[in-house]
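Just work.cif here, mmCIF, C-alpha atoms and all ligand atoms:
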```cif
data_entry
loop_
_atom_site.group_PDB
_atom_site.id
_atom_site.type_symbol
_atom_site.label_atom_id
_atom_site.label_comp_id
_atom_site.auth_asym_id
_atom_site.auth_seq_id
_atom_site.Cartn_x
_atom_site.Cartn_y
_atom_site.Cartn_z
ATOM 1 C CA MET A 1 21.991 12.288 6.218
ATOM 2 C CA ALA A 2 24.358 9.400 5.552
ATOM 3 C CA LEU A 3 27.093 8.897 8.105
ATOM 4 C CA ILE A 4 29.860 6.853 6.497
ATOM 5 C CA THR A 5 31.478 4.803 9.227
ATOM 6 C CA LYS A 6 33.979 2.669 7.324
ATOM 7 C CA HIS A 7 35.486 2.534 3.844
ATOM 8 C CA LYS A 8 34.042 -0.654 2.372
ATOM 9 C CA LEU A 9 31.257 -1.506 -0.035
ATOM 10 C CA PRO A 10 28.300 0.062 1.789
ATOM 11 C CA VAL A 11 25.791 -1.977 3.766
ATOM 12 C CA TRP A 12 23.064 0.495 4.668
ATOM 13 C CA VAL A 13 21.148 0.671 7.908
ATOM 14 C CA MET A 14 18.236 3.074 8.218
ATOM 15 C CA GLU A 15 16.497 4.417 11.290
ATOM 16 C CA PRO A 16 19.046 3.421 13.957
ATOM 17 C CA LEU A 17 16.988 5.387 16.483
ATOM 18 C CA ARG A 18 13.606 4.197 15.183
ATOM 19 C CA GLY A 19 12.529 7.666 14.162
ATOM 20 C CA GLY A 20 13.805 9.153 17.451
ATOM 21 C CA LYS A 21 11.940 6.683 19.675
ATOM 22 C CA LEU A 22 15.236 5.271 20.991
ATOM 23 C CA ALA A 23 16.851 8.661 21.572
ATOM 24 C CA THR A 24 15.516 8.560 25.117
ATOM 25 C CA LEU A 25 14.831 5.509 27.268
ATOM 26 C CA PRO A 26 12.957 4.947 30.520
ATOM 27 C CA ASP A 27 15.249 5.609 33.500
ATOM 28 C CA LYS A 28 15.511 1.932 34.468
ATOM 29 C CA TYR A 29 17.121 1.171 31.088
ATOM 30 C CA ALA A 30 19.128 4.386 30.701
ATOM 31 C CA GLU A 31 20.753 3.825 34.108
ATOM 32 C CA ARG A 32 21.988 0.384 33.066
ATOM 33 C CA LEU A 33 23.641 1.880 29.988
ATOM 34 C CA ARG A 34 25.112 4.834 31.896
ATOM 35 C CA ALA A 35 26.639 2.426 34.408
ATOM 36 C CA LEU A 36 28.576 0.817 31.559
ATOM 37 C CA ARG A 37 29.518 3.998 29.659
ATOM 38 C CA PRO A 38 28.934 7.138 31.718
ATOM 39 C CA GLU A 39 30.376 9.343 28.970
ATOM 40 C CA GLU A 40 28.088 8.062 26.204
ATOM 41 C CA SER A 41 24.735 9.645 25.349
ATOM 42 C CA ILE A 42 21.727 7.365 24.946
ATOM 43 C CA PRO A 43 21.424 8.022 21.160
ATOM 44 C CA ALA A 44 25.120 7.180 20.768
ATOM 45 C CA TRP A 45 24.443 3.627 21.927
ATOM 46 C CA ALA A 46 22.566 2.930 18.687
ATOM 47 C CA PHE A 47 25.554 4.045 16.631
ATOM 48 C CA ARG A 48 28.040 2.196 18.843
ATOM 49 C CA PHE A 49 25.958 -0.959 18.421
ATOM 50 C CA LEU A 50 26.117 -0.597 14.646
ATOM 51 C CA GLN A 51 29.874 -0.039 14.883
ATOM 52 C CA SER A 52 29.950 -3.509 16.441
ATOM 53 C CA VAL A 53 28.328 -5.105 13.372
ATOM 54 C CA PRO A 54 31.157 -5.513 10.831
ATOM 55 C CA PRO A 55 29.141 -5.488 7.576
ATOM 56 C CA VAL A 56 27.490 -2.134 8.364
ATOM 57 C CA THR A 57 29.297 0.695 6.636
ATOM 58 C CA VAL A 58 26.641 3.401 6.220
ATOM 59 C CA VAL A 59 24.011 4.557 8.711
ATOM 60 C CA LEU A 60 21.088 6.708 7.639
ATOM 61 C CA SER A 61 19.688 8.687 10.524
ATOM 62 C CA GLY A 62 17.226 11.565 10.409
ATOM 63 C CA MET A 63 18.203 14.693 12.336
ATOM 64 C CA SER A 64 16.039 17.670 13.114
ATOM 65 C CA ASN A 65 18.462 20.296 14.390
ATOM 66 C CA ILE A 66 22.103 21.340 14.285
ATOM 67 C CA GLU A 67 22.777 19.985 17.790
ATOM 68 C CA GLN A 68 21.762 16.470 16.741
ATOM 69 C CA LEU A 69 23.898 16.774 13.619
ATOM 70 C CA SER A 70 26.951 17.864 15.642
ATOM 71 C CA GLU A 71 26.411 15.136 18.219
ATOM 72 C CA ASN A 72 26.056 12.402 15.593
ATOM 73 C CA ILE A 73 29.125 13.571 13.675
ATOM 74 C CA LYS A 74 31.116 13.547 16.932
ATOM 75 C CA THR A 75 29.863 10.038 17.747
ATOM 76 C CA CYS A 76 30.565 8.610 14.303
ATOM 77 C CA SER A 77 33.980 10.236 13.953
ATOM 78 C CA GLU A 78 35.225 7.792 16.592
ATOM 79 C CA SER A 79 34.889 4.030 16.582
ATOM 80 C CA HIS A 80 34.074 2.543 19.962
ATOM 81 C CA PRO A 81 32.318 -0.749 19.233
ATOM 82 C CA LEU A 82 30.487 -2.383 22.098
ATOM 83 C CA SER A 83 32.104 -5.136 24.113
ATOM 84 C CA LYS A 84 30.438 -8.538 24.336
ATOM 85 C CA ASN A 85 29.082 -7.668 27.775
ATOM 86 C CA GLU A 86 27.677 -4.358 26.499
ATOM 87 C CA VAL A 87 25.977 -6.072 23.546
ATOM 88 C CA VAL A 88 24.436 -8.624 25.929
ATOM 89 C CA THR A 89 23.129 -5.814 28.150
ATOM 90 C CA LEU A 90 21.726 -3.888 25.178
ATOM 91 C CA LEU A 91 19.962 -6.949 23.759
ATOM 92 C CA ASP A 92 18.606 -7.789 27.203
ATOM 93 C CA ILE A 93 17.125 -4.285 27.457
ATOM 94 C CA ALA A 94 15.684 -4.597 23.941
ATOM 95 C CA ASP A 95 14.137 -7.925 24.921
ATOM 96 C CA GLU A 96 12.540 -6.426 28.035
ATOM 97 C CA MET A 97 11.248 -3.424 26.092
ATOM 98 C CA SER A 98 9.655 -5.595 23.433
ATOM 99 C CA LYS A 99 8.036 -7.872 26.028
ATOM 100 C CA GLU A 100 6.378 -4.862 27.626
ATOM 101 C CA LYS A 101 4.267 -4.175 24.567
ATOM 102 C CA ALA A 102 4.698 -7.010 22.099
ATOM 103 C CA VAL A 103 2.301 -9.777 21.201
ATOM 104 C CA PRO A 104 4.373 -12.988 21.504
ATOM 105 C CA CYS A 105 3.764 -14.275 17.975
ATOM 106 C CA THR A 106 6.448 -16.742 16.864
ATOM 107 C CA ALA A 107 5.423 -16.579 13.182
ATOM 108 C CA CYS A 108 4.738 -20.322 13.094
ATOM 109 C CA ARG A 109 1.891 -19.568 10.655
ATOM 110 C CA TYR A 110 -0.471 -22.294 11.971
ATOM 111 C CA CYS A 111 -3.188 -19.651 12.123
ATOM 112 C CA THR A 112 -2.924 -18.746 8.459
ATOM 113 C CA THR A 113 -4.169 -22.194 7.419
ATOM 114 C CA LYS A 114 -7.460 -21.474 9.207
ATOM 115 C CA CYS A 115 -8.135 -17.932 8.063
ATOM 116 C CA ARG A 116 -10.885 -17.869 5.468
ATOM 117 C CA GLN A 117 -9.957 -14.267 4.727
ATOM 118 C CA GLU A 118 -6.427 -15.448 3.921
ATOM 119 C CA LEU A 119 -4.860 -12.741 6.045
ATOM 120 C CA ASP A 120 -1.118 -12.830 6.623
ATOM 121 C CA ILE A 121 -1.689 -12.850 10.382
ATOM 122 C CA PRO A 122 1.958 -13.009 11.582
ATOM 123 C CA LYS A 123 2.899 -10.175 9.265
ATOM 124 C CA LEU A 124 0.026 -8.068 10.570
ATOM 125 C CA ILE A 125 0.942 -8.881 14.178
ATOM 126 C CA ALA A 126 4.569 -7.908 13.501
ATOM 127 C CA LEU A 127 3.303 -4.558 12.221
ATOM 128 C CA TYR A 128 1.013 -4.260 15.238
ATOM 129 C CA ASN A 129 4.008 -4.818 17.525
ATOM 130 C CA GLU A 130 5.963 -2.223 15.575
ATOM 131 C CA GLU A 131 3.115 0.243 16.046
ATOM 132 C CA LYS A 132 2.859 -0.420 19.780
ATOM 133 C CA PHE A 133 6.601 -0.450 20.349
ATOM 134 C CA THR A 134 7.208 2.866 18.631
ATOM 135 C CA GLY A 135 4.101 4.461 20.096
ATOM 136 C CA GLY A 136 2.754 5.205 16.644
ATOM 137 C CA GLY A 137 5.361 5.575 13.932
ATOM 138 C CA PHE A 138 5.014 5.855 10.172
ATOM 139 C CA ILE A 139 5.912 2.269 9.277
ATOM 140 C CA ALA A 140 2.625 0.522 10.112
ATOM 141 C CA PRO A 141 0.382 3.111 8.381
ATOM 142 C CA MET A 142 2.646 3.084 5.347
ATOM 143 C CA VAL A 143 2.829 -0.721 5.034
ATOM 144 C CA LEU A 144 -0.896 -1.189 5.655
ATOM 145 C CA GLY A 145 -1.586 1.452 3.011
ATOM 146 C CA SER A 146 0.437 -0.577 0.519
ATOM 147 C CA LEU A 147 -1.747 -3.668 1.089
ATOM 148 C CA PRO A 148 -5.016 -4.256 -0.763
ATOM 149 C CA LYS A 149 -8.041 -3.694 1.487
ATOM 150 C CA PHE A 150 -8.804 -7.418 1.680
ATOM 151 C CA LYS A 151 -5.382 -8.018 3.272
ATOM 152 C CA ARG A 152 -5.662 -5.374 5.994
ATOM 153 C CA PRO A 153 -6.815 -5.923 9.619
ATOM 154 C CA THR A 154 -10.181 -4.413 8.678
ATOM 155 C CA ALA A 155 -10.823 -7.545 6.573
ATOM 156 C CA CYS A 156 -10.894 -9.731 9.708
ATOM 157 C CA ILE A 157 -14.420 -10.985 10.330
ATOM 158 C CA GLY A 158 -13.765 -11.972 13.949
ATOM 159 C CA CYS A 159 -14.545 -15.673 13.433
ATOM 160 C CA ARG A 160 -11.669 -16.699 15.779
ATOM 161 C CA ALA A 161 -10.934 -19.877 13.759
ATOM 162 C CA CYS A 162 -7.261 -18.883 13.806
ATOM 163 C CA GLU A 163 -7.161 -18.670 17.598
ATOM 164 C CA LYS A 164 -8.022 -22.363 18.015
ATOM 165 C CA VAL A 165 -4.639 -23.393 16.585
ATOM 166 C CA CYS A 166 -2.409 -20.666 17.991
ATOM 167 C CA PRO A 167 0.111 -22.289 20.387
ATOM 168 C CA GLN A 168 0.651 -18.906 22.051
ATOM 169 C CA GLY A 169 -3.036 -18.446 22.853
ATOM 170 C CA ILE A 170 -3.052 -15.063 21.131
ATOM 171 C CA LYS A 171 -6.428 -13.323 20.842
ATOM 172 C CA ILE A 172 -5.907 -12.626 17.169
ATOM 173 C CA ALA A 173 -9.380 -11.263 16.406
ATOM 174 C CA ASP A 174 -9.053 -8.712 19.223
ATOM 175 C CA ILE A 175 -5.657 -7.633 17.933
ATOM 176 C CA MET A 176 -6.970 -7.223 14.397
ATOM 177 C CA ALA A 177 -9.882 -5.155 15.724
ATOM 178 C CA ASP A 178 -7.587 -2.973 17.835
ATOM 179 C CA PHE A 179 -5.151 -2.540 14.952
ATOM 180 C CA ALA A 180 -7.959 -1.634 12.559
ATOM 181 C CA SER A 181 -9.296 1.015 14.903
ATOM 182 C CA SER A 182 -5.996 2.502 16.059
ATOM 183 C CA VAL A 183 -4.080 3.045 12.816
ATOM 184 C CA SER A 184 -4.912 5.559 10.113
ATOM 185 C CA VAL A 185 -3.838 3.978 6.854
ATOM 186 C CA TRP A 186 -1.912 6.239 4.467
HETATM 187 S S1 LIG B 201 -10.571 -14.054 13.366
HETATM 188 FE FE1 LIG B 201 -9.886 -12.809 11.642
HETATM 189 S S2 LIG B 201 -7.753 -13.384 11.381
HETATM 190 FE FE2 LIG B 201 -8.713 -15.010 12.584
HETATM 191 S S3 LIG B 201 -9.399 -16.552 11.092
HETATM 192 FE FE3 LIG B 201 -11.128 -15.160 11.466
HETATM 193 S S4 LIG B 201 -10.924 -13.629 9.842
HETATM 194 FE FE4 LIG B 201 -8.932 -14.661 9.959
HETATM 195 S S1 LIG B 202 -0.496 -19.319 15.267
HETATM 196 FE FE1 LIG B 202 -0.152 -17.716 16.827
HETATM 197 S S2 LIG B 202 2.092 -17.691 17.105
HETATM 198 FE FE2 LIG B 202 1.691 -18.817 15.187
HETATM 199 S S3 LIG B 202 1.807 -17.236 13.572
HETATM 200 FE FE3 LIG B 202 -0.325 -17.367 14.203
HETATM 201 S S4 LIG B 202 -0.573 -15.774 15.769
HETATM 202 FE FE4 LIG B 202 1.615 -16.162 15.557
#
```

Please rewrite the model in this file as structure tokens.
Amino acid sequence: MALITKHKLPVWVMEPLRGGKLATLPDKYAERLRALRPEESIPAWAFRFLQSVPPVTVVLSGMSNIEQLSENIKTCSESHPLSKNEVVTLLDIADEMSKEKAVPCTACRYCTTKCRQELDIPKLIALYNEEKFTGGGFIAPMVLGSLPKFKRPTACIGCRACEKVCPQGIKIADIMADFASSVSVW
């Protein structure tokens, strides 16, 4: 469902709750948000954040029952953009959450010059992070399925030539192997 938040030429944002993964947060993060806005639900924070980004006019969010629909309509019928302090807190939480599961690839692409399989390693690692962060969403299987087989993690031959030039010391071959075994491609 599209929730129109302002009357301008639409800039669309999809999946504000990452397919429901951000509808609940671990207590340590939820408590920090509740301390700032006790009246706000956790899902509402995603919409309030988008209300703080001026170009965003339309938010596309999936809903699975009438309660979610009512709640989202109530949230979006009022504009309460986040303060600077609230944005800083939210981004700090996002940073901590991504560090918990993410591979710290900076997308410098040094590794790609060494890969004889010509894999787009940073792109694959970004998808791997997406998969780990969401606990198994639809994005990684869908994107991998759109790639030719010789561009998927299964094409990695484990030579580790890429790892010799990675400034982050990332065990790329292990990540490719884990990715290949953990995701069912669409
Ligand atoms: S280990 Fe895999 S990703 Fe790294 S260079 Fe070899 S084939 Fe490419
Ligand atoms: S060299 Fe390392 S940090 Fe740079 S793109 Fe490759 S995996 Fe990422």

> Neighbours of ligand LIG 202 (chain B) within 7 Å, counting only C-alpha atoms and all ligand atoms, as a PyMOL selection string?
Replying inline: chain A and resi 104-112+121-122+162+165-170+172

Can you tell me, as lines of an AutoDock Vina configuration file, the centre and edge lengths (Å, one decimal) of the axis-aligned box enclosing all of ligand LIG 201 (chain B)'s listed atoms after padding each side by 3 Å?
```
center_x = -9.4
center_y = -14.7
center_z = 11.6
size_x = 9.4
size_y = 9.7
size_z = 9.5
```

Report as a PyMOL selection string which protein, DNA and RNA residues come within 12 Å of ligand LIG 201 (chain B), using only C-alpha atoms and all ligand atoms. chain A and resi 109-125+150-166+170-180

Met14 (chain A) proximity check over A:Leu50, A:His80, A:Trp45, A:Pro26, using only C-alpha atoms: winner is A:Leu50

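CA of Leu144 (chain A) lies 6.1 Å from CA of Val185 (chain A).
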
Calculated over only C-alpha atoms, which of the candidates A:Ala35, A:Leu22, A:Ala44, A:Leu60 has the smallest distance to Ala94 (chain A)?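 Ranked by minimum distance to Ala94 (chain A), first place goes to A:Leu22.
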
What separates CA of Lys132 (chain A) and CA of Asp92 (chain A) is a distance of 18.9 Å

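Each of A:Pro81, A:Pro148, A:Pro38, A:Gly137 was compared to Leu17 (chain A) using all atoms listed in the file, and A:Gly137 turns out to be the nearest.
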
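The two atoms in question, CA of Ala46 (chain A) and CA of Lys101 (chain A), are spaced 20.5 Å apart.
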
Looking at A:Val88, A:Ile139, A:Met97, A:Ile73, which one is nearest to Ser61 (chain A), with distances taken over only C-alpha atoms?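 Of A:Val88, A:Ile139, A:Met97, A:Ile73, the one nearest Ser61 (chain A) is A:Ile73, counting only C-alpha atoms.
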
Of A:Thr89, A:Asn65, A:Thr134, A:Ser182, the one nearest to Tyr29 (chain A) when counting only C-alpha atoms is A:Thr89
